[in-house]
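Novice: One structure, pasted below without further comment.
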Amino acid sequence: MSDDDPIGAAVRLLARLPGVGEKSARRMAYSLLASGPSFAKALGEAVATLPERVRTCSICGTYTGRETCAICSDTQRTEEILCVVARPWDVDALERAGTFRGRYHVLHTLLDPLSGVGPEQFPLDPLMRRVSEGRTREVIVATPPTVEGEATALFLAESLRPLGISLTRIASGVPHGGDLEYVDPITLGRALEGRRGL
């Protein structure tokens, strides 16, 4: 931190966060100043202690403050449907939809040979063990619609198919409220392929 430009130093650090540009970072810095020292200190402490207080769930691998996350501890959720996601924040996104009542499995990576994650480095064993030892009837592959996400989905399908469970892939299509003019051709193609009756 620079003593002669503390706001600039804070702005530069805040701007390193995903989705935060310099203007947003500057607004955040000034908002912190306007909120008073107690809020800034509380926020600083919460951020500073985050790595010590957060761990991965021993069952699904999402981030939690406990040994087992709230979703895996919820006896009202079915163990028969397992949704496989790439990252812990994907769990949050699906939970916000409020429609899925199964369990999750977080991979923490995708197949990406250019970044050194090939089939040998991929964390497949925990998922295979969980599916073969549990009561899973269906695995939903909810990896992102990217090259790496699609490669991972295919790899998971090939690996899990011999276990005799139902394998599904989340649909991709036109976002709600979106204009067709601005949707990319791959998404439009998938939307047409995945159409359903009215």
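Letters for chains follow the order of the structure tokens (A, B, ...), residue numbers begin at 1 for each chain, and ligand numbers begin at 1 in the order shown.
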Using DSSP assignments from the backbone, pull out every residue in chain A that falls under helix (DSSP H, G or I) and give it to me as a PyMOL selection string.
Specialist: chain A and resi 6-14+22-35+37-48+50-53+70-73+88-97+113-115+125-133+147-163+180-182+185-193
Novice: Please write the residues from the selection above to a file, keeping C-alpha atoms, as a short mmCIF file (atom, residue, chain, number, x, y, z; two decimals), in the first residue's frame.
Specialist:
data_model
loop_
_atom_site.label_atom_id
_atom_site.label_comp_id
_atom_site.auth_asym_id
_atom_site.auth_seq_id
_atom_site.Cartn_x
_atom_site.Cartn_y
_atom_site.Cartn_z
CA PRO A 6 -3.98 5.09 -0.37
CA ILE A 7 -7.13 5.50 -2.48
CA GLY A 8 -5.23 4.69 -5.69
CA ALA A 9 -3.68 1.62 -4.04
CA ALA A 10 -7.13 0.41 -2.89
CA VAL A 11 -8.59 1.05 -6.35
CA ARG A 12 -5.82 -0.99 -8.00
CA LEU A 13 -6.45 -3.93 -5.66
CA LEU A 14 -10.23 -3.77 -6.01
CA GLU A 22 -11.43 0.96 -12.48
CA LYS A 23 -14.60 3.07 -12.25
CA SER A 24 -16.39 0.49 -10.10
CA ALA A 25 -13.29 0.04 -7.95
CA ARG A 26 -13.06 3.79 -7.42
CA ARG A 27 -16.76 3.94 -6.42
CA MET A 28 -16.18 1.08 -3.97
CA ALA A 29 -13.17 2.81 -2.41
CA TYR A 30 -15.07 6.06 -1.91
CA SER A 31 -18.09 4.16 -0.61
CA LEU A 32 -15.87 2.46 1.98
CA LEU A 33 -14.60 5.85 3.09
CA ALA A 34 -18.13 7.24 3.31
CA SER A 35 -19.35 4.23 5.32
CA PRO A 37 -14.04 3.22 9.71
CA SER A 38 -16.02 0.48 11.51
CA PHE A 39 -17.48 -0.87 8.26
CA ALA A 40 -14.12 -0.73 6.44
CA LYS A 41 -12.41 -2.57 9.33
CA ALA A 42 -15.15 -5.22 9.50
CA LEU A 43 -14.96 -5.77 5.74
CA GLY A 44 -11.16 -5.92 5.87
CA GLU A 45 -11.22 -8.49 8.65
CA ALA A 46 -13.86 -10.61 6.89
CA VAL A 47 -11.79 -10.64 3.69
CA ALA A 48 -8.47 -11.21 5.49
CA LEU A 50 -11.71 -15.77 4.60
CA PRO A 51 -9.02 -18.31 3.61
CA GLU A 52 -8.77 -19.49 7.24
CA ARG A 53 -12.52 -19.76 7.80
CA ALA A 70 -25.69 -27.07 4.31
CA ILE A 71 -26.78 -28.78 1.09
CA CYS A 72 -25.10 -32.10 1.89
CA SER A 73 -26.47 -31.89 5.46
CA PRO A 88 -18.26 -23.71 -6.17
CA TRP A 89 -19.91 -20.54 -7.52
CA ASP A 90 -21.79 -22.72 -10.04
CA VAL A 91 -23.57 -24.28 -7.05
CA ASP A 92 -24.63 -20.80 -5.94
CA ALA A 93 -25.95 -20.00 -9.43
CA LEU A 94 -28.02 -23.19 -9.60
CA GLU A 95 -29.31 -22.72 -6.06
CA ARG A 96 -30.53 -19.22 -6.92
CA ALA A 97 -32.78 -20.80 -9.56
CA PRO A 113 -4.63 -29.89 -21.72
CA LEU A 114 -3.18 -26.48 -22.64
CA SER A 115 -3.19 -25.59 -18.93
CA ASP A 125 -11.82 -40.81 -8.82
CA PRO A 126 -13.83 -39.00 -6.09
CA LEU A 127 -16.81 -38.66 -8.44
CA MET A 128 -16.59 -42.30 -9.58
CA ARG A 129 -16.42 -43.47 -5.96
CA ARG A 130 -19.31 -41.29 -4.93
CA VAL A 131 -21.55 -42.49 -7.75
CA SER A 132 -20.66 -46.18 -7.45
CA GLU A 133 -20.94 -46.28 -3.63
CA VAL A 147 -14.58 -25.93 -25.25
CA GLU A 148 -13.20 -27.10 -21.90
CA GLY A 149 -16.68 -27.59 -20.44
CA GLU A 150 -17.84 -29.64 -23.42
CA ALA A 151 -14.67 -31.77 -23.39
CA THR A 152 -15.20 -32.40 -19.67
CA ALA A 153 -18.85 -33.33 -20.25
CA LEU A 154 -17.88 -35.89 -22.90
CA PHE A 155 -15.12 -37.31 -20.70
CA LEU A 156 -17.52 -37.65 -17.76
CA ALA A 157 -20.16 -39.32 -19.95
CA GLU A 158 -17.64 -41.89 -21.22
CA SER A 159 -16.34 -42.55 -17.71
CA LEU A 160 -19.73 -42.79 -15.97
CA ARG A 161 -21.67 -44.68 -18.66
CA PRO A 162 -20.41 -48.14 -17.55
CA LEU A 163 -21.98 -47.56 -14.12
CA LEU A 180 -32.19 -13.41 -31.06
CA GLU A 181 -30.16 -10.83 -32.96
CA TYR A 182 -27.52 -10.81 -30.21
CA PRO A 185 -24.84 -19.07 -33.52
CA ILE A 186 -23.84 -22.03 -31.30
CA THR A 187 -26.35 -21.06 -28.61
CA LEU A 188 -29.07 -20.53 -31.24
CA GLY A 189 -28.31 -23.93 -32.77
CA ARG A 190 -28.59 -25.63 -29.40
CA ALA A 191 -31.80 -23.77 -28.63
CA LEU A 192 -33.31 -25.14 -31.84
CA GLU A 193 -32.05 -28.68 -31.16
#
Novice: For each of A:Ile140, A:Val183, A:Val84, A:Val117, take the minimum atom-to-atom distance to Ala171 of chain A, counting only C-alpha atoms, then give the residue where this is smallest.
Specialist: A:Ile140
Novice: Quick one: of A:Gly116, A:Gly102, A:Ala86, A:Asp184, who's nearest to Asp74 of chain A, counting only C-alpha atoms?
Specialist: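 Among the listed residues, A:Gly102 lies closest to Asp74 of chain A.
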Novice: Where does DSSP see strand (DSSP E) in segment 11-196 of chain A, if you list the residues as a PyMOL selection string?
Specialist: chain A and resi 55-56+63-64+81-85+103-106+138-141+166-169
Novice: Could you save the residues just selected, with N, CA and C atoms, as a PDB file, in the first residue's frame?
Specialist:
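Here's the written file out35.pdb:
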ATOM      1  N   ARG A  55     -13.515 -23.735   4.010  1.00  0.00           N
ATOM      2  CA  ARG A  55     -12.926 -25.013   3.593  1.00  0.00           C
ATOM      3  C   ARG A  55     -13.817 -25.629   2.529  1.00  0.00           C
ATOM      4  N   THR A  56     -13.394 -26.740   1.983  1.00  0.00           N
ATOM      5  CA  THR A  56     -14.248 -27.436   1.021  1.00  0.00           C
ATOM      6  C   THR A  56     -15.036 -28.508   1.755  1.00  0.00           C
ATOM      7  N   TYR A  63     -17.544 -24.706  -1.260  1.00  0.00           N
ATOM      8  CA  TYR A  63     -17.002 -23.942  -0.141  1.00  0.00           C
ATOM      9  C   TYR A  63     -18.011 -23.877   0.995  1.00  0.00           C
ATOM     10  N   THR A  64     -17.505 -24.006   2.210  1.00  0.00           N
ATOM     11  CA  THR A  64     -18.355 -23.956   3.395  1.00  0.00           C
ATOM     12  C   THR A  64     -17.515 -23.544   4.598  1.00  0.00           C
ATOM     13  N   ILE A  81     -30.110 -37.847  -7.344  1.00  0.00           N
ATOM     14  CA  ILE A  81     -29.736 -36.989  -8.476  1.00  0.00           C
ATOM     15  C   ILE A  81     -28.530 -36.162  -8.073  1.00  0.00           C
ATOM     16  N   LEU A  82     -27.462 -36.278  -8.850  1.00  0.00           N
ATOM     17  CA  LEU A  82     -26.210 -35.591  -8.562  1.00  0.00           C
ATOM     18  C   LEU A  82     -25.884 -34.648  -9.715  1.00  0.00           C
ATOM     19  N   CYS A  83     -25.708 -33.386  -9.403  1.00  0.00           N
ATOM     20  CA  CYS A  83     -25.375 -32.380 -10.412  1.00  0.00           C
ATOM     21  C   CYS A  83     -23.886 -32.072 -10.313  1.00  0.00           C
ATOM     22  N   VAL A  84     -23.155 -32.316 -11.383  1.00  0.00           N
ATOM     23  CA  VAL A  84     -21.709 -32.097 -11.409  1.00  0.00           C
ATOM     24  C   VAL A  84     -21.428 -30.728 -12.017  1.00  0.00           C
ATOM     25  N   VAL A  85     -20.713 -29.903 -11.245  1.00  0.00           N
ATOM     26  CA  VAL A  85     -20.371 -28.553 -11.691  1.00  0.00           C
ATOM     27  C   VAL A  85     -18.867 -28.362 -11.646  1.00  0.00           C
ATOM     28  N   ARG A 103     -28.283 -33.261  -5.051  1.00  0.00           N
ATOM     29  CA  ARG A 103     -26.986 -32.961  -4.450  1.00  0.00           C
ATOM     30  C   ARG A 103     -26.020 -32.508  -5.533  1.00  0.00           C
ATOM     31  N   TYR A 104     -24.879 -32.005  -5.126  1.00  0.00           N
ATOM     32  CA  TYR A 104     -23.871 -31.494  -6.055  1.00  0.00           C
ATOM     33  C   TYR A 104     -22.545 -32.222  -5.885  1.00  0.00           C
ATOM     34  N   HIS A 105     -21.731 -32.136  -6.944  1.00  0.00           N
ATOM     35  CA  HIS A 105     -20.335 -32.566  -6.878  1.00  0.00           C
ATOM     36  C   HIS A 105     -19.523 -31.511  -7.627  1.00  0.00           C
ATOM     37  N   VAL A 106     -18.569 -30.883  -6.927  1.00  0.00           N
ATOM     38  CA  VAL A 106     -17.771 -29.805  -7.510  1.00  0.00           C
ATOM     39  C   VAL A 106     -16.421 -30.364  -7.951  1.00  0.00           C
ATOM     40  N   GLU A 138     -29.144 -40.637 -11.328  1.00  0.00           N
ATOM     41  CA  GLU A 138     -28.920 -39.734 -12.462  1.00  0.00           C
ATOM     42  C   GLU A 138     -27.799 -38.761 -12.125  1.00  0.00           C
ATOM     43  N   VAL A 139     -26.926 -38.533 -13.107  1.00  0.00           N
ATOM     44  CA  VAL A 139     -25.899 -37.506 -12.991  1.00  0.00           C
ATOM     45  C   VAL A 139     -26.189 -36.444 -14.042  1.00  0.00           C
ATOM     46  N   ILE A 140     -26.360 -35.206 -13.585  1.00  0.00           N
ATOM     47  CA  ILE A 140     -26.553 -34.072 -14.482  1.00  0.00           C
ATOM     48  C   ILE A 140     -25.205 -33.385 -14.636  1.00  0.00           C
ATOM     49  N   VAL A 141     -24.710 -33.301 -15.842  1.00  0.00           N
ATOM     50  CA  VAL A 141     -23.435 -32.629 -16.088  1.00  0.00           C
ATOM     51  C   VAL A 141     -23.739 -31.165 -16.407  1.00  0.00           C
ATOM     52  N   SER A 166     -28.354 -42.939 -15.343  1.00  0.00           N
ATOM     53  CA  SER A 166     -28.834 -41.984 -16.340  1.00  0.00           C
ATOM     54  C   SER A 166     -27.885 -40.787 -16.360  1.00  0.00           C
ATOM     55  N   LEU A 167     -27.465 -40.381 -17.555  1.00  0.00           N
ATOM     56  CA  LEU A 167     -26.576 -39.229 -17.721  1.00  0.00           C
ATOM     57  C   LEU A 167     -27.287 -38.167 -18.531  1.00  0.00           C
ATOM     58  N   THR A 168     -27.338 -36.950 -18.003  1.00  0.00           N
ATOM     59  CA  THR A 168     -27.973 -35.851 -18.719  1.00  0.00           C
ATOM     60  C   THR A 168     -27.047 -34.644 -18.713  1.00  0.00           C
ATOM     61  N   ARG A 169     -27.316 -33.733 -19.633  1.00  0.00           N
ATOM     62  CA  ARG A 169     -26.524 -32.505 -19.761  1.00  0.00           C
ATOM     63  C   ARG A 169     -27.498 -31.340 -19.653  1.00  0.00           C
TER      64      ARG A 169
END
